Amino acid sequence: MQEFVSKVTDRLGLDKGEAESATGGILGLLKAHGKSADFDALKSKVPGVEEMLGKAKTGGGLGGLMGSLSGMLGGKGGGAISAAGVLGSLGGKAGDFVSMLGGYLKRKAGENVVGRLFGSVPELKKLLG
């Protein structure tokens, strides 16, 4: 995953902490909303996924509010709010970021697994294209 973080920081001008937090947040959404078998397959083929999950910002601020609302709503509504919270800090770079992450994960874990995981969070799927 550090290979992806390096690439995305260079191409999108994000700092490393932002890139790691957004990557961890998106992976967290995929883990929470996708099938566990698909996420396990992703983890087995992409080194550093577990570590990156720990880099996601949690707790206070807007991200914490979004997480709380997501938990209350659950399902697809919760995914929409969670995605907004994770991607909000990226501003206009969110689409490029998600596209780059999706492409990286597809190359490592395969299009089927990644497609199903992103399909579990429609807001991310839209950004993936």
# chains A, B, ... in the order shown; residues from 1 in each chain; ligands from 1
$ residues_around --residues "stretch 19-36 of chain A" --least-positions-apart "5" --cutoff "9 Å" --atoms "only C-alpha atoms" --output "PyMOL selection string"
chain A and resi 1-2+5-6+8-9+14+41+49-58+75-76+79+82-83+85-87+89-90+97-98+101+116-121+124
$ write_last_selection --atoms "N, CA and C atoms" --output "mmCIF file, in the first residue's frame"
data_model
loop_
_atom_site.group_PDB
_atom_site.id
_atom_site.type_symbol
_atom_site.label_atom_id
_atom_site.label_comp_id
_atom_site.auth_asym_id
_atom_site.auth_seq_id
_atom_site.Cartn_x
_atom_site.Cartn_y
_atom_site.Cartn_z
ATOM 1 N N MET A 1 0.817 -1.189 0.000
ATOM 2 C CA MET A 1 0.000 0.000 0.000
ATOM 3 C C MET A 1 0.865 1.259 0.000
ATOM 4 N N GLN A 2 2.078 1.150 0.524
ATOM 5 C CA GLN A 2 2.951 2.327 0.528
ATOM 6 C C GLN A 2 3.314 2.752 -0.886
ATOM 7 N N VAL A 5 0.478 4.917 -1.915
ATOM 8 C CA VAL A 5 0.541 6.200 -1.215
ATOM 9 C C VAL A 5 1.586 7.105 -1.862
ATOM 10 N N SER A 6 2.741 6.559 -2.178
ATOM 11 C CA SER A 6 3.786 7.351 -2.839
ATOM 12 C C SER A 6 3.320 7.887 -4.187
ATOM 13 N N VAL A 8 0.176 8.341 -5.279
ATOM 14 C CA VAL A 8 -0.932 9.293 -5.196
ATOM 15 C C VAL A 8 -0.471 10.642 -4.620
ATOM 16 N N THR A 9 0.499 10.614 -3.723
ATOM 17 C CA THR A 9 1.003 11.886 -3.199
ATOM 18 C C THR A 9 1.720 12.668 -4.302
ATOM 19 N N LEU A 14 -1.033 15.467 -2.617
ATOM 20 C CA LEU A 14 -1.497 15.279 -1.238
ATOM 21 C C LEU A 14 -0.296 15.046 -0.341
ATOM 22 N N ALA A 41 -9.841 -11.767 0.548
ATOM 23 C CA ALA A 41 -9.087 -11.994 -0.688
ATOM 24 C C ALA A 41 -8.229 -10.777 -1.023
ATOM 25 N N VAL A 49 -2.652 -3.754 3.686
ATOM 26 C CA VAL A 49 -4.046 -3.330 3.857
ATOM 27 C C VAL A 49 -4.373 -3.146 5.333
ATOM 28 N N GLU A 50 -4.011 -4.112 6.159
ATOM 29 C CA GLU A 50 -4.318 -4.018 7.601
ATOM 30 C C GLU A 50 -3.660 -2.786 8.216
ATOM 31 N N GLU A 51 -2.414 -2.558 7.864
ATOM 32 C CA GLU A 51 -1.690 -1.392 8.379
ATOM 33 C C GLU A 51 -2.388 -0.097 7.963
ATOM 34 N N MET A 52 -2.837 -0.054 6.717
ATOM 35 C CA MET A 52 -3.475 1.164 6.206
ATOM 36 C C MET A 52 -4.821 1.401 6.888
ATOM 37 N N LEU A 53 -5.524 0.346 7.263
ATOM 38 C CA LEU A 53 -6.785 0.506 7.991
ATOM 39 C C LEU A 53 -6.556 1.295 9.279
ATOM 40 N N GLY A 54 -5.421 1.076 9.904
ATOM 41 C CA GLY A 54 -5.086 1.775 11.135
ATOM 42 C C GLY A 54 -4.748 3.241 10.938
ATOM 43 N N LYS A 55 -4.528 3.657 9.696
ATOM 44 C CA LYS A 55 -4.167 5.051 9.407
ATOM 45 C C LYS A 55 -5.396 5.940 9.200
ATOM 46 N N ALA A 56 -6.562 5.323 9.068
ATOM 47 C CA ALA A 56 -7.785 6.108 8.868
ATOM 48 C C ALA A 56 -8.047 6.953 10.098
ATOM 49 N N LYS A 57 -8.424 8.195 9.874
ATOM 50 C CA LYS A 57 -8.747 9.075 10.995
ATOM 51 C C LYS A 57 -10.099 8.670 11.560
ATOM 52 N N THR A 58 -10.145 8.573 12.873
ATOM 53 C CA THR A 58 -11.395 8.257 13.548
ATOM 54 C C THR A 58 -11.562 9.234 14.688
ATOM 55 N N GLY A 75 -26.713 0.501 6.364
ATOM 56 C CA GLY A 75 -27.015 0.225 4.966
ATOM 57 C C GLY A 75 -26.420 1.227 4.001
ATOM 58 N N LYS A 76 -27.126 1.459 2.910
ATOM 59 C CA LYS A 76 -26.621 2.326 1.846
ATOM 60 C C LYS A 76 -26.538 3.780 2.285
ATOM 61 N N GLY A 79 -23.430 4.211 4.160
ATOM 62 C CA GLY A 79 -22.280 4.198 3.267
ATOM 63 C C GLY A 79 -22.078 5.539 2.598
ATOM 64 N N SER A 82 -20.642 7.904 5.223
ATOM 65 C CA SER A 82 -19.258 7.524 5.507
ATOM 66 C C SER A 82 -18.347 7.923 4.355
ATOM 67 N N ALA A 83 -18.773 7.677 3.139
ATOM 68 C CA ALA A 83 -17.961 8.037 1.977
ATOM 69 C C ALA A 83 -17.740 9.545 1.933
ATOM 70 N N GLY A 85 -17.665 11.556 4.459
ATOM 71 C CA GLY A 85 -16.729 11.895 5.522
ATOM 72 C C GLY A 85 -15.292 11.565 5.160
ATOM 73 N N VAL A 86 -15.083 10.401 4.549
ATOM 74 C CA VAL A 86 -13.739 9.963 4.181
ATOM 75 C C VAL A 86 -13.170 10.835 3.058
ATOM 76 N N LEU A 87 -13.993 11.149 2.078
ATOM 77 C CA LEU A 87 -13.506 11.844 0.889
ATOM 78 C C LEU A 87 -13.569 13.358 0.990
ATOM 79 N N SER A 89 -12.148 15.555 2.818
ATOM 80 C CA SER A 89 -10.880 16.268 2.949
ATOM 81 C C SER A 89 -10.104 16.342 1.630
ATOM 82 N N LEU A 90 -10.491 15.512 0.656
ATOM 83 C CA LEU A 90 -9.783 15.498 -0.621
ATOM 84 C C LEU A 90 -10.313 16.530 -1.602
ATOM 85 N N PHE A 97 -8.572 10.324 -6.820
ATOM 86 C CA PHE A 97 -8.028 9.473 -5.766
ATOM 87 C C PHE A 97 -8.681 8.102 -5.796
ATOM 88 N N VAL A 98 -10.012 8.064 -5.820
ATOM 89 C CA VAL A 98 -10.735 6.782 -5.822
ATOM 90 C C VAL A 98 -10.406 5.986 -7.078
ATOM 91 N N LEU A 101 -6.922 4.533 -6.622
ATOM 92 C CA LEU A 101 -6.938 3.443 -5.649
ATOM 93 C C LEU A 101 -7.602 2.204 -6.244
ATOM 94 N N ARG A 116 -16.638 -6.060 -6.856
ATOM 95 C CA ARG A 116 -17.682 -6.391 -5.872
ATOM 96 C C ARG A 116 -17.547 -5.534 -4.623
ATOM 97 N N LEU A 117 -16.320 -5.333 -4.150
ATOM 98 C CA LEU A 117 -16.124 -4.517 -2.947
ATOM 99 C C LEU A 117 -16.572 -3.075 -3.183
ATOM 100 N N PHE A 118 -16.149 -2.477 -4.279
ATOM 101 C CA PHE A 118 -16.552 -1.100 -4.564
ATOM 102 C C PHE A 118 -18.053 -1.019 -4.829
ATOM 103 N N GLY A 119 -18.626 -2.074 -5.393
ATOM 104 C CA GLY A 119 -20.063 -2.117 -5.632
ATOM 105 C C GLY A 119 -20.871 -2.106 -4.343
ATOM 106 N N SER A 120 -20.252 -2.487 -3.237
ATOM 107 C CA SER A 120 -20.947 -2.494 -1.948
ATOM 108 C C SER A 120 -21.094 -1.091 -1.365
ATOM 109 N N VAL A 121 -20.375 -0.124 -1.929
ATOM 110 C CA VAL A 121 -20.494 1.286 -1.520
ATOM 111 C C VAL A 121 -20.743 2.084 -2.808
ATOM 112 N N LEU A 124 -18.749 5.170 -3.834
ATOM 113 C CA LEU A 124 -17.386 4.938 -4.301
ATOM 114 C C LEU A 124 -17.405 4.373 -5.712
#
$ closest_residue --among "A:Asp38, A:Asp15, A:Leu128, A:Phe4" --to "A:Asn112" --atoms "only C-alpha atoms"
A:Asp38
$ residues_around --residues "A:Glu3" --least-positions-apart "5" --cutoff "10 Å" --atoms "only C-alpha atoms" --output "PDB file with N, CA, C and O atoms, in the first residue's frame"
ATOM      1  N   VAL A   8       0.176   8.341  -5.279  1.00  0.00           N
ATOM      2  CA  VAL A   8      -0.932   9.293  -5.196  1.00  0.00           C
ATOM      3  C   VAL A   8      -0.471  10.642  -4.620  1.00  0.00           C
ATOM      4  O   VAL A   8      -0.978  11.683  -5.026  1.00  0.00           O
ATOM      5  N   PRO A  47      -0.372  -6.387   0.029  1.00  0.00           N
ATOM      6  CA  PRO A  47       0.346  -6.176   1.284  1.00  0.00           C
ATOM      7  C   PRO A  47       0.089  -4.784   1.860  1.00  0.00           C
ATOM      8  O   PRO A  47       0.009  -3.801   1.123  1.00  0.00           O
ATOM      9  N   GLY A  48      -0.096  -4.714   3.179  1.00  0.00           N
ATOM     10  CA  GLY A  48      -0.228  -3.441   3.858  1.00  0.00           C
ATOM     11  C   GLY A  48      -1.649  -2.959   4.077  1.00  0.00           C
ATOM     12  O   GLY A  48      -1.853  -1.872   4.614  1.00  0.00           O
ATOM     13  N   TYR A 104      -5.232   0.557  -8.713  1.00  0.00           N
ATOM     14  CA  TYR A 104      -4.135  -0.113  -8.009  1.00  0.00           C
ATOM     15  C   TYR A 104      -4.620  -1.439  -7.419  1.00  0.00           C
ATOM     16  O   TYR A 104      -3.975  -2.480  -7.578  1.00  0.00           O
TER      17      TYR A 104
END
$ decode --residues "stretch 112-127 of chain A" --atoms "all heavy atoms" --output "compact mmCIF listing (two decimals), in the first residue's frame"
# COMPACT_ATOMS: atom_id res chain seq x y z
N ASN A 112 -12.60 -8.65 -10.45
CA ASN A 112 -13.85 -9.17 -9.88
C ASN A 112 -13.98 -8.85 -8.40
O ASN A 112 -15.01 -8.34 -7.96
CB ASN A 112 -13.97 -10.67 -10.12
CG ASN A 112 -14.20 -11.00 -11.58
OD1 ASN A 112 -14.71 -10.18 -12.35
ND2 ASN A 112 -13.79 -12.19 -11.97
N VAL A 113 -12.95 -9.16 -7.63
CA VAL A 113 -12.99 -8.93 -6.18
C VAL A 113 -13.16 -7.44 -5.89
O VAL A 113 -14.02 -7.04 -5.10
CB VAL A 113 -11.71 -9.48 -5.50
CG1 VAL A 113 -11.59 -8.98 -4.07
CG2 VAL A 113 -11.70 -10.99 -5.54
N VAL A 114 -12.36 -6.63 -6.53
CA VAL A 114 -12.40 -5.19 -6.28
C VAL A 114 -13.72 -4.60 -6.77
O VAL A 114 -14.31 -3.74 -6.09
CB VAL A 114 -11.18 -4.49 -6.92
CG1 VAL A 114 -11.27 -2.97 -6.77
CG2 VAL A 114 -9.89 -5.01 -6.27
N GLY A 115 -14.21 -5.06 -7.89
CA GLY A 115 -15.50 -4.58 -8.40
C GLY A 115 -16.63 -4.86 -7.43
O GLY A 115 -17.50 -4.00 -7.20
N ARG A 116 -16.64 -6.06 -6.86
CA ARG A 116 -17.68 -6.39 -5.87
C ARG A 116 -17.55 -5.53 -4.62
O ARG A 116 -18.55 -5.06 -4.08
CB ARG A 116 -17.62 -7.87 -5.51
CG ARG A 116 -18.14 -8.78 -6.60
CD ARG A 116 -18.31 -10.21 -6.13
NE ARG A 116 -17.11 -10.82 -5.62
CZ ARG A 116 -16.26 -11.56 -6.35
NH1 ARG A 116 -16.50 -11.77 -7.64
NH2 ARG A 116 -15.18 -12.09 -5.80
N LEU A 117 -16.32 -5.33 -4.15
CA LEU A 117 -16.12 -4.52 -2.95
C LEU A 117 -16.57 -3.07 -3.18
O LEU A 117 -17.31 -2.51 -2.37
CB LEU A 117 -14.66 -4.56 -2.50
CG LEU A 117 -14.23 -5.84 -1.81
CD1 LEU A 117 -12.71 -5.89 -1.66
CD2 LEU A 117 -14.91 -5.99 -0.46
N PHE A 118 -16.15 -2.48 -4.28
CA PHE A 118 -16.55 -1.10 -4.56
C PHE A 118 -18.05 -1.02 -4.83
O PHE A 118 -18.69 -0.02 -4.50
CB PHE A 118 -15.75 -0.52 -5.74
CG PHE A 118 -14.47 0.12 -5.32
CD1 PHE A 118 -13.34 -0.65 -5.06
CD2 PHE A 118 -14.38 1.49 -5.16
CE1 PHE A 118 -12.15 -0.06 -4.66
CE2 PHE A 118 -13.18 2.09 -4.77
CZ PHE A 118 -12.07 1.31 -4.51
N GLY A 119 -18.63 -2.07 -5.39
CA GLY A 119 -20.06 -2.12 -5.63
C GLY A 119 -20.87 -2.11 -4.34
O GLY A 119 -22.04 -1.72 -4.34
N SER A 120 -20.25 -2.49 -3.24
CA SER A 120 -20.95 -2.49 -1.95
C SER A 120 -21.09 -1.09 -1.37
O SER A 120 -21.85 -0.89 -0.42
CB SER A 120 -20.21 -3.41 -0.95
OG SER A 120 -18.97 -2.85 -0.57
N VAL A 121 -20.38 -0.12 -1.93
CA VAL A 121 -20.49 1.29 -1.52
C VAL A 121 -20.74 2.08 -2.81
O VAL A 121 -19.80 2.54 -3.46
CB VAL A 121 -19.22 1.79 -0.80
CG1 VAL A 121 -19.41 3.21 -0.29
CG2 VAL A 121 -18.83 0.86 0.35
N PRO A 122 -22.01 2.23 -3.20
CA PRO A 122 -22.33 2.85 -4.49
C PRO A 122 -21.69 4.21 -4.72
O PRO A 122 -21.35 4.55 -5.85
CB PRO A 122 -23.85 2.96 -4.47
CG PRO A 122 -24.29 1.87 -3.54
CD PRO A 122 -23.21 1.78 -2.49
N GLU A 123 -21.50 4.99 -3.65
CA GLU A 123 -20.90 6.31 -3.81
C GLU A 123 -19.45 6.20 -4.28
O GLU A 123 -18.98 7.03 -5.04
CB GLU A 123 -20.98 7.08 -2.49
CG GLU A 123 -22.40 7.39 -2.07
CD GLU A 123 -23.20 6.15 -1.62
OE1 GLU A 123 -22.61 5.14 -1.16
OE2 GLU A 123 -24.43 6.18 -1.74
N LEU A 124 -18.75 5.17 -3.83
CA LEU A 124 -17.39 4.94 -4.30
C LEU A 124 -17.40 4.37 -5.71
O LEU A 124 -16.56 4.73 -6.55
CB LEU A 124 -16.64 3.98 -3.37
CG LEU A 124 -16.32 4.49 -1.98
CD1 LEU A 124 -15.62 3.41 -1.17
CD2 LEU A 124 -15.48 5.75 -2.02
N LYS A 125 -18.33 3.49 -5.98
CA LYS A 125 -18.45 2.88 -7.31
C LYS A 125 -18.64 3.96 -8.38
O LYS A 125 -18.06 3.89 -9.45
CB LYS A 125 -19.63 1.90 -7.32
CG LYS A 125 -19.88 1.22 -8.63
CD LYS A 125 -18.93 0.12 -8.86
CE LYS A 125 -19.34 -0.68 -10.11
NZ LYS A 125 -18.30 -1.54 -10.57
N LYS A 126 -19.46 4.98 -8.06
CA LYS A 126 -19.68 6.09 -9.01
C LYS A 126 -18.36 6.80 -9.32
O LYS A 126 -18.11 7.18 -10.45
CB LYS A 126 -20.67 7.09 -8.44
CG LYS A 126 -22.09 6.60 -8.42
CD LYS A 126 -22.98 7.66 -7.77
CE LYS A 126 -24.30 7.06 -7.35
NZ LYS A 126 -25.10 7.99 -6.56
N LEU A 127 -17.55 7.01 -8.30
CA LEU A 127 -16.27 7.70 -8.49
C LEU A 127 -15.26 6.83 -9.22
O LEU A 127 -14.38 7.33 -9.91
CB LEU A 127 -15.69 8.15 -7.15
CG LEU A 127 -16.45 9.27 -6.45
CD1 LEU A 127 -15.88 9.50 -5.05
CD2 LEU A 127 -16.42 10.55 -7.25
